[in-house]
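**Student:** The structure file upload08.txt (compact mmCIF, C-alpha atoms and all ligand atoms) is provided below.
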```txt
# COMPACT_ATOMS: atom_id res chain seq x y z
CA MET S 643 57.67 124.61 177.52
CA GLN S 644 57.03 125.95 181.02
CA VAL S 645 54.69 128.62 179.65
CA LEU S 646 52.74 126.24 177.40
CA ARG S 647 52.47 123.54 180.07
CA GLY S 648 51.41 126.28 182.50
CA ILE S 649 48.64 127.40 180.12
CA ASN S 650 47.54 123.79 179.78
CA ASP S 651 47.23 123.51 183.56
CA LEU S 652 45.40 126.83 183.87
CA LYS S 653 42.82 125.60 181.37
CA THR S 654 42.52 121.91 182.14
CA VAL S 655 43.36 121.70 185.83
CA GLN S 656 42.17 125.05 187.17
CA ASN S 657 39.47 125.62 184.53
CA LEU S 658 40.28 129.35 184.24
CA LYS S 659 38.66 131.43 181.52
CA GLY S 660 38.43 135.00 180.22
CA ASP S 661 40.30 137.79 181.99
CA GLU S 662 41.43 135.57 184.84
CA LEU S 663 43.08 133.14 182.40
CA ASP S 664 44.75 136.00 180.50
CA ARG S 665 46.10 137.50 183.72
CA GLU S 666 47.68 134.20 184.76
CA ILE S 667 49.12 133.64 181.27
CA MET S 668 50.84 137.03 181.42
CA GLN S 669 52.32 136.06 184.78
CA LEU S 670 53.82 132.96 183.16
CA VAL S 671 55.22 135.13 180.37
CA ASN S 672 56.80 137.49 182.88
CA LEU S 673 58.21 134.60 184.85
CA TYR S 674 59.71 132.54 182.04
CA LEU S 675 60.11 134.71 178.97
CA THR S 676 61.42 137.93 180.41
CA ALA S 677 65.15 138.65 180.46
CA ASP S 678 67.24 141.64 181.56
CA THR S 679 66.80 143.62 178.35
CA LYS S 680 64.08 143.83 175.74
CA GLU S 681 66.46 142.37 173.11
CA SER S 682 67.35 139.33 175.21
CA SER S 683 63.66 138.77 176.08
CA ILE S 684 62.85 138.73 172.36
CA ARG S 685 65.76 136.38 171.65
CA LYS S 686 64.70 134.02 174.46
CA ASP S 687 61.11 134.10 173.25
CA ASN S 688 62.06 133.45 169.63
CA ALA S 689 64.56 130.69 170.28
CA SER S 690 62.30 128.81 172.68
CA HIS S 691 59.31 129.14 170.34
CA TRP S 692 61.16 127.54 167.41
CA VAL S 693 62.62 124.71 169.45
CA VAL S 694 59.27 123.90 171.05
CA ARG S 695 57.52 124.18 167.67
CA LEU S 696 59.97 121.65 166.25
CA ALA S 697 59.45 119.32 169.20
CA HIS S 698 55.69 119.36 168.63
CA CYS S 699 55.50 118.99 164.85
CA MET S 700 55.86 115.21 164.78
CA THR S 701 52.40 113.87 165.57
CA GLU S 702 48.87 115.11 164.95
CA GLU S 703 48.16 115.12 168.68
CA LYS S 704 51.24 117.15 169.57
CA ARG S 705 50.56 119.62 166.76
CA ARG S 706 46.98 120.12 167.97
CA TRP S 707 48.09 120.65 171.57
CA PHE S 708 50.84 123.09 170.60
CA LEU S 709 48.46 125.04 168.34
CA THR S 710 45.86 125.40 171.09
CA MET S 711 48.37 126.59 173.69
CA GLU S 712 50.15 128.97 171.31
CA CYS S 713 46.80 130.51 170.32
CA GLU S 714 45.95 131.13 173.97
CA LEU S 715 49.37 132.66 174.52
CA PHE S 716 49.08 134.86 171.45
CA ARG S 717 45.57 136.03 172.37
CA ALA S 718 46.59 137.03 175.90
CA ARG S 719 49.71 138.84 174.71
CA PHE S 720 47.93 140.67 171.91
CA LYS S 721 45.31 141.87 174.37
CA GLU S 722 48.08 143.33 176.55
CA LEU S 723 49.54 145.44 173.74
CA PRO S 724 48.83 149.18 173.74
CA SER S 725 46.24 149.98 171.05
CA ILE S 726 48.78 151.79 168.90
CA GLU S 727 50.88 148.59 168.72
CA GLN S 728 47.80 146.48 168.00
CA LYS S 729 47.02 148.82 165.11
CA GLU S 730 50.59 148.60 163.81
CA PHE S 731 50.38 144.82 163.95
CA ILE S 732 47.19 144.82 161.85
CA MET S 733 48.61 147.27 159.32
CA ASP S 734 52.00 145.50 159.04
CA ASN S 735 50.63 142.02 158.33
CA ASP S 736 49.46 140.99 154.87
CA GLU S 737 46.87 138.61 156.35
CA PHE S 738 44.85 141.62 157.38
CA SER S 739 44.94 143.44 154.04
CA SER S 740 41.13 143.25 153.86
CA VAL S 741 40.78 145.15 157.15
CA GLU S 742 39.80 148.76 156.57
CA ALA S 743 39.73 151.79 158.79
CA THR S 744 36.16 153.07 159.19
CA SER S 745 35.53 156.25 157.21
CA ALA S 746 33.83 159.22 158.86
CA ARG S 747 30.81 158.79 156.58
CA ASP S 748 30.42 155.08 157.37
CA PHE S 749 30.76 155.88 161.04
CA ASP S 750 28.00 158.50 160.95
CA ASP S 751 25.70 155.95 159.27
CA VAL S 752 26.23 153.22 161.87
CA GLN S 753 27.03 155.15 165.06
CA ALA S 754 23.61 154.57 166.63
CA ASP S 755 23.66 150.86 165.70
CA LEU S 756 27.13 150.42 167.18
CA LYS S 757 25.95 151.86 170.49
CA ALA S 758 22.85 149.67 170.46
CA THR S 759 24.98 146.55 169.82
CA ILE S 760 27.37 147.29 172.68
CA LEU S 761 24.45 148.15 174.98
CA SER S 762 22.81 144.81 174.14
CA TYR S 763 25.64 142.75 175.67
CA THR S 764 27.03 145.10 178.32
CA ASN S 765 23.76 146.59 179.57
CA SER S 766 25.73 149.77 180.15
CA MET S 767 24.99 152.98 178.30
CA ALA S 768 28.14 154.52 179.80
CA GLN S 769 30.26 151.75 178.26
CA ALA S 770 28.49 152.05 174.91
CA ASN S 771 29.18 155.81 174.89
CA SER S 772 32.82 155.41 175.92
CA SER S 773 33.47 152.70 173.27
CA VAL S 774 31.81 154.50 170.34
CA THR S 775 34.04 157.56 170.27
CA GLY S 776 34.75 157.98 166.56
CA PRO S 777 35.76 156.25 163.30
CA ASP S 778 39.22 155.52 164.75
CA ALA S 779 37.74 153.20 167.35
CA PHE S 780 36.42 150.70 164.74
CA TYR S 781 37.71 148.54 161.92
CA ARG S 782 35.57 147.38 159.03
CA VAL S 783 36.11 143.72 158.06
CA ARG S 784 34.30 141.00 156.10
CA PHE S 785 31.90 139.47 158.62
CA GLU S 786 33.21 135.91 158.09
CA GLU S 787 36.61 136.93 159.46
CA VAL S 788 35.10 137.46 162.90
CA ALA S 789 32.68 134.54 162.87
CA ASP S 790 32.99 134.07 166.65
CA LEU S 791 31.89 137.66 167.36
CA VAL S 792 29.01 137.33 164.90
CA ALA S 793 27.93 134.06 166.53
CA MET S 794 27.90 135.77 169.94
CA ARG S 795 26.07 138.82 168.45
CA ARG S 796 28.82 141.14 169.63
CA VAL S 797 29.36 143.07 166.39
CA PHE S 798 27.16 145.17 164.19
CA VAL S 799 27.04 143.81 160.62
CA LYS S 800 25.96 145.82 157.59
CA ASP S 801 26.30 144.97 153.87
CA GLY S 802 28.52 141.99 154.72
CA PHE S 803 30.92 144.06 156.84
CA ALA S 804 31.35 143.78 160.60
CA TYR S 805 32.39 146.82 162.65
CA VAL S 806 35.00 145.56 165.08
CA SER S 807 35.94 147.71 168.05
CA LYS S 808 39.52 148.12 169.29
CA GLU S 809 38.73 145.88 172.28
CA GLN S 810 37.63 143.11 169.90
CA LEU S 811 40.72 143.05 167.73
CA GLY S 812 41.88 139.84 169.40
CA SER S 813 39.11 137.90 167.65
CA LEU S 814 40.13 139.38 164.32
CA VAL S 815 43.77 138.33 164.60
CA MET S 816 43.20 134.86 166.04
CA ALA S 817 41.84 133.07 162.95
CA PRO S 818 44.73 134.07 160.61
CA PHE S 819 47.25 133.36 163.37
CA ARG S 820 45.83 129.89 163.95
CA SER S 821 45.61 128.98 160.29
CA HIS S 822 49.13 130.31 159.58
CA LEU S 823 50.66 128.37 162.47
CA SER S 824 48.71 125.24 161.58
CA LYS S 825 50.01 125.30 157.99
CA GLN S 826 53.56 125.94 159.18
CA LEU S 827 53.39 122.99 161.55
CA ALA S 828 52.26 120.70 158.71
CA VAL S 829 55.15 121.89 156.53
CA LEU S 830 57.63 121.44 159.37
CA SER S 831 56.41 117.94 160.08
CA ARG S 832 57.08 116.91 156.44
CA LYS S 833 60.57 118.41 156.59
CA TRP S 834 61.22 116.70 159.91
CA VAL S 835 60.68 113.27 158.36
CA SER S 836 63.55 113.82 155.90
CA PHE S 837 65.70 115.46 158.60
CA CYS S 838 65.37 112.30 160.71
CA ASP S 839 67.24 110.29 158.06
CA GLY S 840 70.01 112.86 157.71
CA PRO S 841 73.38 113.27 159.43
CA GLU S 842 71.79 114.45 162.69
CA LYS S 843 69.92 111.15 163.09
CA ASP S 844 71.83 110.13 166.22
CA ARG S 845 72.54 113.53 167.75
CA LEU S 846 69.82 116.16 167.41
CA VAL S 847 66.90 113.94 166.46
CA PRO S 848 66.63 112.03 169.79
CA LEU S 849 67.21 115.28 171.69
CA VAL S 850 64.32 117.06 169.99
CA GLN S 851 62.07 113.99 170.07
CA GLY S 852 62.48 113.68 173.84
CA LEU S 853 61.78 117.34 174.48
CA ALA S 854 58.01 117.30 174.01
CA ASP S 855 57.62 114.39 176.42
CA ARG S 856 59.77 115.87 179.14
CA ASP S 857 57.94 116.42 182.36
CA LEU S 858 58.65 119.80 183.87
CA GLY S 859 56.78 119.48 187.14
CA PRO S 860 57.83 117.28 190.08
CA ASP S 861 58.87 113.94 188.60
CA TYR S 862 57.73 111.77 191.53
CA GLY S 863 60.86 109.62 191.02
CA SER S 864 62.32 107.36 193.68
CA GLY S 865 63.86 110.44 195.33
CA ALA S 866 60.41 111.88 196.03
CA ALA S 867 59.17 108.63 197.56
CA ALA S 868 62.29 108.42 199.73
CA LYS S 869 61.79 112.02 200.90
CA SER S 870 58.18 111.40 201.89
CA GLY S 871 59.47 108.58 204.11
CA GLU S 872 56.63 106.34 202.95
CA GLN S 873 57.52 102.65 202.62
CA VAL S 874 54.93 100.70 200.73
CA SER S 875 54.79 96.91 200.59
CA ALA S 876 53.10 94.61 198.08
CA ALA S 877 50.61 93.52 200.75
CA MET S 878 49.43 97.11 201.25
CA LEU S 879 48.60 97.70 197.57
CA PRO S 880 44.97 96.46 197.45
CA THR S 881 44.01 98.77 200.34
CA LEU S 882 45.97 101.71 198.97
CA ALA S 883 44.43 101.17 195.52
CA LYS S 884 40.94 101.33 197.00
CA GLU S 885 41.66 104.43 199.05
CA SER S 886 44.06 106.53 197.02
CA PHE S 887 44.77 105.36 193.45
CA PRO S 888 43.52 107.48 190.55
CA LEU S 889 41.15 105.79 188.12
CA CYS S 890 43.88 105.16 185.50
CA MET S 891 45.74 102.99 188.01
CA SER S 892 42.78 101.31 189.71
CA VAL S 893 41.43 100.24 186.30
CA MET S 894 44.77 98.55 185.62
CA MET S 895 44.89 96.95 189.07
CA ASP S 896 41.43 95.49 188.34
CA ALA S 897 42.51 94.21 184.93
CA LEU S 898 45.64 92.65 186.40
CA LYS S 899 43.62 90.91 189.11
CA ARG S 900 41.15 89.62 186.51
CA THR S 901 43.46 88.54 183.70
CA HIS S 902 46.79 88.14 185.56
CA HIS S 903 48.48 90.04 182.77
CA LEU S 904 49.05 93.57 181.40
CA LYS S 905 50.69 94.39 178.10
CA HIS S 906 54.01 96.27 178.08
CA GLN S 907 52.67 99.85 178.17
CA GLY S 908 50.26 98.96 180.95
CA ARG S 909 53.07 97.41 183.00
CA GLN S 910 55.15 100.52 182.46
CA GLN S 911 52.35 102.92 183.45
CA LEU S 912 51.39 100.98 186.56
CA GLY S 913 54.92 99.83 187.47
CA LEU S 914 56.42 103.32 187.44
CA PHE S 915 53.45 104.71 189.37
CA LEU S 916 54.00 102.06 192.07
CA LYS S 917 57.70 102.88 192.16
CA GLY S 918 56.74 106.57 192.58
CA ILE S 919 54.50 105.87 195.58
CA GLY S 920 57.44 104.19 197.34
CA LEU S 921 57.20 100.48 196.44
CA PRO S 922 60.79 99.14 196.66
CA LEU S 923 62.23 96.85 193.97
CA GLU S 924 61.95 93.62 196.02
CA GLU S 925 58.31 94.37 196.82
CA ALA S 926 57.60 95.23 193.18
CA MET S 927 59.03 91.82 192.19
CA ARG S 928 56.87 90.13 194.80
CA PHE S 929 53.75 91.99 193.61
CA TRP S 930 54.16 91.30 189.88
CA ARG S 931 55.31 87.71 190.43
CA THR S 932 52.22 86.95 192.55
CA GLU S 933 49.74 88.71 190.27
CA MET S 934 51.11 87.11 187.10
CA ALA S 935 51.73 83.65 188.55
CA ALA S 936 48.72 82.19 186.73
CA VAL S 937 50.12 83.09 183.29
CA ALA S 938 53.88 83.24 184.01
CA PRO S 939 54.79 80.88 186.84
CA GLY S 940 58.34 80.52 188.23
CA ASP S 941 61.10 80.74 185.61
CA ALA S 942 58.74 82.06 182.94
CA PHE S 943 58.27 85.25 184.98
CA ASP S 944 62.04 85.62 185.52
CA LYS S 945 62.72 85.15 181.81
CA GLN S 946 60.00 87.44 180.45
CA TYR S 947 59.28 90.15 183.01
CA ALA S 948 61.89 90.46 185.78
CA TYR S 949 64.46 92.29 183.62
CA ASN S 950 61.97 95.01 182.75
CA ILE S 951 61.03 95.64 186.36
CA ARG S 952 64.71 95.90 187.38
CA HIS S 953 65.25 98.18 184.38
CA ASN S 954 62.52 100.56 185.61
CA TYR S 955 64.32 100.75 188.94
CA GLY S 956 67.62 101.62 187.25
CA LYS S 957 69.26 98.26 187.89
CA GLU S 958 69.69 97.21 184.26
CA GLY S 959 70.57 98.78 180.91
CA LYS S 960 71.26 102.53 181.13
CA ARG S 961 70.62 102.39 184.88
CA ALA S 962 68.49 105.51 184.65
CA ASP S 963 66.03 106.48 187.39
CA TYR S 964 62.84 106.22 185.32
CA THR S 965 60.00 108.37 186.59
CA PRO S 966 56.22 107.81 186.64
CA HIS S 967 54.15 109.12 183.75
CA SER S 968 52.40 112.48 184.15
CA CYS S 969 48.73 112.99 183.22
CA ILE S 970 49.73 114.55 179.89
CA LYS S 971 51.68 111.43 178.99
CA VAL S 972 49.03 109.01 180.24
CA ILE S 973 46.25 110.92 178.46
CA SER S 974 48.19 110.87 175.18
CA GLY S 975 48.47 107.05 175.29
CA ILE S 976 45.66 105.39 173.36
CA PRO S 977 45.36 101.67 174.14
CA GLY S 978 44.99 99.19 171.31
CA PRO S 979 43.01 95.93 171.47
CA GLY S 980 43.67 94.04 174.71
CA GLN S 981 45.43 97.02 176.33
CA VAL S 982 44.17 98.93 179.37
CA HIS S 983 46.65 101.78 179.78
CA GLY S 984 45.82 105.46 179.11
CA CYS S 985 43.41 107.74 180.93
CA PRO S 986 39.98 106.14 181.44
CA PHE S 987 38.31 109.56 181.24
CA ARG S 988 39.52 109.76 177.69
CA VAL S 989 39.44 106.18 176.47
CA LEU S 990 36.40 104.57 178.09
CA SER S 991 32.90 104.78 176.67
CA GLU S 992 30.39 106.61 178.85
CA GLU S 993 28.88 103.33 179.97
CA ASP S 994 32.23 101.76 180.89
CA LEU S 995 33.31 104.95 182.64
CA ARG S 996 30.16 104.93 184.77
CA THR S 997 30.79 101.27 185.64
CA SER S 998 34.39 101.99 186.67
CA LEU S 999 33.38 105.05 188.69
CA GLY S 1000 30.57 103.07 190.33
CA LYS S 1001 33.17 100.69 191.80
CA LEU S 1002 34.81 103.56 193.70
CA SER S 1003 31.80 103.95 196.05
CA LEU S 1004 32.03 107.73 196.23
CA ALA S 1005 30.33 109.40 199.17
CA ASP S 1006 28.69 111.95 196.86
CA PRO S 1007 27.12 110.32 193.74
CA MET S 1008 26.74 113.80 192.15
CA ARG S 1009 30.51 113.72 191.59
CA ILE S 1010 30.08 110.81 189.18
CA GLU S 1011 27.70 112.88 187.05
CA GLN S 1012 30.05 115.86 187.16
CA ALA S 1013 33.04 113.66 186.24
CA VAL S 1014 31.19 112.06 183.31
CA THR S 1015 30.12 115.50 182.04
CA LYS S 1016 33.66 116.88 182.27
CA ALA S 1017 35.05 113.78 180.54
CA LYS S 1018 32.53 114.19 177.69
CA GLU S 1019 33.66 117.81 177.29
CA GLY S 1020 37.27 116.61 176.99
CA HIS S 1021 38.35 117.98 180.41
CA TYR S 1022 39.86 114.73 181.67
CA GLN S 1023 41.91 116.19 184.52
CA LEU S 1024 38.94 118.19 185.79
CA ALA S 1025 36.86 115.00 185.67
CA CYS S 1026 39.56 113.28 187.71
CA GLY S 1027 39.52 116.16 190.22
CA LYS S 1028 35.76 115.67 190.70
CA VAL S 1029 36.34 112.01 191.53
CA TRP S 1030 39.10 112.94 193.97
CA GLU S 1031 36.70 115.35 195.70
CA GLY S 1032 34.03 112.65 195.79
CA GLN S 1033 36.48 110.25 197.44
CA HIS S 1034 37.88 112.65 200.00
CA GLY S 1035 35.04 115.06 200.74
CA CYS S 1036 37.19 118.18 200.35
CA ALA S 1037 38.30 120.52 197.58
CA CYS S 1038 40.96 119.34 195.16
CA ASP S 1039 43.94 121.51 194.13
CA GLY S 1040 43.81 120.15 190.58
CA ILE S 1041 45.25 116.94 189.17
CA ASN S 1042 48.21 116.90 186.79
CA HIS S 1043 49.97 113.69 187.80
CA PRO S 1044 48.66 110.30 188.96
CA ASN S 1045 51.24 110.32 191.76
CA GLN S 1046 50.09 113.78 192.82
CA TYR S 1047 46.54 112.36 193.06
CA TYR S 1048 47.91 109.66 195.35
CA GLU S 1049 50.08 112.02 197.38
CA GLN S 1050 47.22 114.47 198.02
CA SER S 1051 44.99 111.57 198.98
CA ARG S 1052 47.47 110.20 201.51
CA LYS S 1053 47.91 113.65 203.02
CA VAL S 1054 44.17 113.88 203.67
CA LEU S 1055 43.66 110.28 204.82
CA VAL S 1056 46.81 109.98 206.95
CA GLY S 1057 46.10 113.44 208.40
CA GLU S 1058 42.58 112.31 209.36
CA ALA S 1059 43.93 109.10 210.93
CA GLU S 1060 46.45 111.13 212.98
CA GLU S 1061 43.70 113.47 214.17
CA GLU S 1062 41.55 110.50 215.20
CA LYS S 1063 44.48 108.99 217.10
CA VAL S 1064 45.16 112.26 218.95
CA ALA S 1065 41.45 112.60 219.79
CA LYS S 1066 41.35 109.00 221.15
CA VAL S 1067 44.44 109.56 223.31
CA ALA S 1068 42.92 112.80 224.64
CA LYS S 1069 39.68 110.94 225.45
CA VAL S 1070 41.52 108.16 227.30
CA GLU S 1071 43.57 110.73 229.23
CA ALA S 1072 40.44 112.67 230.14
CA ALA S 1073 38.78 109.47 231.44
CA ASN S 1074 41.87 108.55 233.51
CA PRO S 1075 43.26 111.82 234.84
FE1 LIG S 1101 45.10 109.30 185.71
FE2 LIG S 1101 45.54 111.88 185.23
FE3 LIG S 1101 43.60 110.55 183.90
FE4 LIG S 1101 43.35 111.13 186.50
S1 LIG S 1101 43.47 112.60 184.79
S2 LIG S 1101 42.87 109.19 185.54
S3 LIG S 1101 45.43 110.89 187.23
S4 LIG S 1101 45.80 110.21 183.78
```
Starting from the file, lay out its structure as structure tokens.

**Tutor:**
Amino acid sequence: MQVLRGINDLKTVQNLKGDELDREIMQLVNLYLTADTKESSIRKDNASHWVVRLAHCMTEEKRRWFLTMECELFRARFKELPSIEQKEFIMDNDEFSSVEATSARDFDDVQADLKATILSYTNSMAQANSSVTGPDAFYRVRFEEVADLVAMRRVFVKDGFAYVSKEQLGSLVMAPFRSHLSKQLAVLSRKWVSFCDGPEKDRLVPLVQGLADRDLGPDYGSGAAAKSGEQVSAAMLPTLAKESFPLCMSVMMDALKRTHHLKHQGRQQLGLFLKGIGLPLEEAMRFWRTEMAAVAPGDAFDKQYAYNIRHNYGKEGKRADYTPHSCIKVISGIPGPGQVHGCPFRVLSEEDLRTSLGKLSLADPMRIEQAVTKAKEGHYQLACGKVWEGQHGCACDGINHPNQYYEQSRKVLVGEAEEEKVAKVAKVEAANP
């Protein structure tokens, strides 16, 4: 889970690509999947893969996410293998039965074309010469099996066969890997449905179901708020919302102000976020009671909503310390009619997103364009990072949690206020020595 979540952050928060992404992925592998011996590393890798696969087979969205991250992981690890092991992998797997070694005669026929192809995208004759060393350095495959290389014009194709170099083997293995894993996930998801009604219904099923939603980063629970020493009151919320709330929360604050109501998931998303920024229970009661007074005055509020707020603070039911939702969780929530939870970068139309961003009065309007573009490309957290930069005028470390957005914002704004205070005191002291 740590590795896959890490890959997700590298791609969506840090926007890494190519060699840089692969290098970081291998660091995650070394950190989390390496044990004392080769055998225990393999066992750890295998066991965790199957458990995490099971935890992500249940919904279309989870399957898609798992597939994407596993493909990235596989690609980076395959690239790291020595070429002899890559070759063994190709030869040992039935999926690649159509892959042929290049014969000496074929190689003689296409040698000049292979060099010309490599030269065309590297602009380096030295590289072309060092890559085209002999028949051993190339595999012959049906061109449709390496469609991505063909699309990028990075392979030479003749008579329906592409000549794939050793360095390009990753592209060859990815498509079968992806389709195999995708089919296996679909099969597993069907089996899971019947497993859920079996004898493990109350023991293993809830355990596995909760696994995929577990947050592995800082949880921003009440402990974190207490540690930061920040005490937030209901009266401070409108100002804090304007200065430091991420869009997912400010959209809900707006909706609450306008309609005096949020449906259950919205109240959970916003309520736990407010708890995470340090709003104590009594102040949370005051806030919700005031905001919802128009639709749930007096006793009606106590009867319908107070229990849930106390429950979030661990004062009712299981008495658990519920934590705010991470970006992954917020982004995966799709609001139905009349609901406003979820991540606005994902759920709002372009027009509505522009309207919501317009209300933030960002110092740099270019950031709005950048955020809209990133949101359209499906990079919601990067879009959010652009907005953060537009609000604060400095670089953002990446956004993976609404409470992290808030925390980073307070650090900048409170830090600036402190600096201003120190400068003022220094000025006064200088004027009155
Ligand atoms: Fe909220 Fe995260 Fe979406 Fe930003 S990216 S709006 S913090 S869910």

**Student:** Would you please work out which residue, of S:Val982, S:Phe803, S:Val797, S:Asp755, is nearest to Val783 in chain S when using all atoms listed in the file?

**Tutor:**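 Closest to Val783 in chain S of all the choices is S:Phe803.
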
**Student:** Looking at S:Gln656, S:Tyr763, S:Val850, S:Asp748, which one is nearest to Ala804 in chain S, with distances taken over only C-alpha atoms?

**Tutor:**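 The closest residue to Ala804 in chain S is S:Asp748.
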
**Student:** In Å, how far is it from CA of Gln669 in chain S to CA of Ile649 in chain S?

**Tutor:**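 Separation of CA of Gln669 in chain S and CA of Ile649 in chain S: 10.5 Å.
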
**Student:** Which residue is closest to Leu914 in chain S? Choose from S:Leu898, S:Leu723, S:Val937, S:Val972 and count all atoms listed in the file.

**Tutor:**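 The answer is S:Val972, which sits nearest to Leu914 in chain S.
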
**Student:** What does the list of residues within 7 Å of ligand LIG 1101 (chain S) look like if you count all atoms listed in the file, written as a count of residues only?

**Tutor:** 20

**Student:** Would you kindly return, as an MDAnalysis selection string, each protein, DNA or RNA residue with an atom no farther than 10 Å from any atom of range 702-711 of chain S, considering all atoms listed in the file and excluding same-chain residues fewer than 4 positions away?

**Tutor:** chainID S and resid 643 645:650 653 694:698 715:717 819:821 823:824 827:828 831 854:855 974

**Student:** Taking (47.8, 135.3, 179.4) as a centre in this file's frame and 8 Å as the limit, can you find every polymer residue with an atom that close, using all atoms listed in the file, and give them as JSON, numbers by chain?

**Tutor:** {"S": [649, 663, 664, 665, 666, 667, 668, 669, 670, 671, 714, 715, 717, 718, 719]}

**Student:** With all atoms listed in the file as the counted atoms, please give the residues lying no more than 10 Å from Lys1001 in chain S, apart from itself and same-chain residues fewer than 5 positions off, as a short mmCIF file (atom, residue, chain, number, x, y, z; two decimals) with C-alpha atoms, in the coordinates of the input.

**Tutor:**
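File written: part.cif
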```cif
data_model
loop_
_atom_site.label_atom_id
_atom_site.label_comp_id
_atom_site.auth_asym_id
_atom_site.auth_seq_id
_atom_site.Cartn_x
_atom_site.Cartn_y
_atom_site.Cartn_z
CA LYS S 884 40.94 101.33 197.00
CA SER S 892 42.78 101.31 189.71
CA VAL S 893 41.43 100.24 186.30
CA ARG S 996 30.16 104.93 184.77
#
```

**Student:** Would you compute the box with edges along x, y and z of the file around range 1013-1029 of chain S, including every atom the file lists for it and 8 Å extra on each side, and give its centre and edge lengths in Å to one decimal, as AutoDock Vina command-line options?

**Tutor:**
```
--center_x 36.0 --center_y 115.1 --center_z 184.3 --size_x 27.8 --size_y 22.2 --size_z 30.5
```

**Student:** For the structure just given, write the atoms of range 848-853 of chain S, namely all heavy atoms, as a PDB file, in the first residue's frame.

**Tutor:**
```pdb
ATOM      1  N   PRO S 848     -14.866  -7.286   6.577  1.00  0.00           N
ATOM      2  CA  PRO S 848     -14.693  -5.864   6.943  1.00  0.00           C
ATOM      3  C   PRO S 848     -13.224  -5.448   6.996  1.00  0.00           C
ATOM      4  O   PRO S 848     -12.879  -4.326   6.646  1.00  0.00           O
ATOM      5  CB  PRO S 848     -15.307  -5.752   8.333  1.00  0.00           C
ATOM      6  CG  PRO S 848     -15.871  -7.066   8.678  1.00  0.00           C
ATOM      7  CD  PRO S 848     -15.561  -8.056   7.619  1.00  0.00           C
ATOM      8  N   LEU S 849     -12.360  -6.403   7.365  1.00  0.00           N
ATOM      9  CA  LEU S 849     -10.927  -6.105   7.452  1.00  0.00           C
ATOM     10  C   LEU S 849     -10.369  -5.730   6.077  1.00  0.00           C
ATOM     11  O   LEU S 849      -9.696  -4.718   5.896  1.00  0.00           O
ATOM     12  CB  LEU S 849     -10.214  -7.360   7.970  1.00  0.00           C
ATOM     13  CG  LEU S 849      -8.885  -7.185   8.639  1.00  0.00           C
ATOM     14  CD1 LEU S 849      -9.085  -6.521   9.984  1.00  0.00           C
ATOM     15  CD2 LEU S 849      -8.227  -8.553   8.834  1.00  0.00           C
ATOM     16  N   VAL S 850     -10.710  -6.567   5.093  1.00  0.00           N
ATOM     17  CA  VAL S 850     -10.199  -6.327   3.733  1.00  0.00           C
ATOM     18  C   VAL S 850     -10.851  -5.087   3.135  1.00  0.00           C
ATOM     19  O   VAL S 850     -10.185  -4.271   2.487  1.00  0.00           O
ATOM     20  CB  VAL S 850     -10.453  -7.568   2.833  1.00  0.00           C
ATOM     21  CG1 VAL S 850     -10.040  -7.298   1.399  1.00  0.00           C
ATOM     22  CG2 VAL S 850      -9.693  -8.767   3.380  1.00  0.00           C
ATOM     23  N   GLN S 851     -12.168  -4.931   3.391  1.00  0.00           N
ATOM     24  CA  GLN S 851     -12.862  -3.769   2.815  1.00  0.00           C
ATOM     25  C   GLN S 851     -12.271  -2.458   3.317  1.00  0.00           C
ATOM     26  O   GLN S 851     -12.157  -1.499   2.568  1.00  0.00           O
ATOM     27  CB  GLN S 851     -14.353  -3.821   3.153  1.00  0.00           C
ATOM     28  CG  GLN S 851     -15.113  -4.642   2.135  1.00  0.00           C
ATOM     29  CD  GLN S 851     -16.535  -4.929   2.557  1.00  0.00           C
ATOM     30  OE1 GLN S 851     -16.888  -4.827   3.737  1.00  0.00           O
ATOM     31  NE2 GLN S 851     -17.360  -5.302   1.606  1.00  0.00           N
ATOM     32  N   GLY S 852     -11.854  -2.438   4.590  1.00  0.00           N
ATOM     33  CA  GLY S 852     -11.325  -1.194   5.152  1.00  0.00           C
ATOM     34  C   GLY S 852      -9.917  -0.887   4.679  1.00  0.00           C
ATOM     35  O   GLY S 852      -9.480   0.260   4.708  1.00  0.00           O
ATOM     36  N   LEU S 853      -9.230  -1.906   4.192  1.00  0.00           N
ATOM     37  CA  LEU S 853      -7.812  -1.748   3.864  1.00  0.00           C
ATOM     38  C   LEU S 853      -7.556  -0.708   2.762  1.00  0.00           C
ATOM     39  O   LEU S 853      -6.676   0.134   2.885  1.00  0.00           O
ATOM     40  CB  LEU S 853      -7.258  -3.112   3.430  1.00  0.00           C
ATOM     41  CG  LEU S 853      -5.759  -3.234   3.368  1.00  0.00           C
ATOM     42  CD1 LEU S 853      -5.156  -3.036   4.746  1.00  0.00           C
ATOM     43  CD2 LEU S 853      -5.381  -4.605   2.826  1.00  0.00           C
TER      44      LEU S 853
END
```
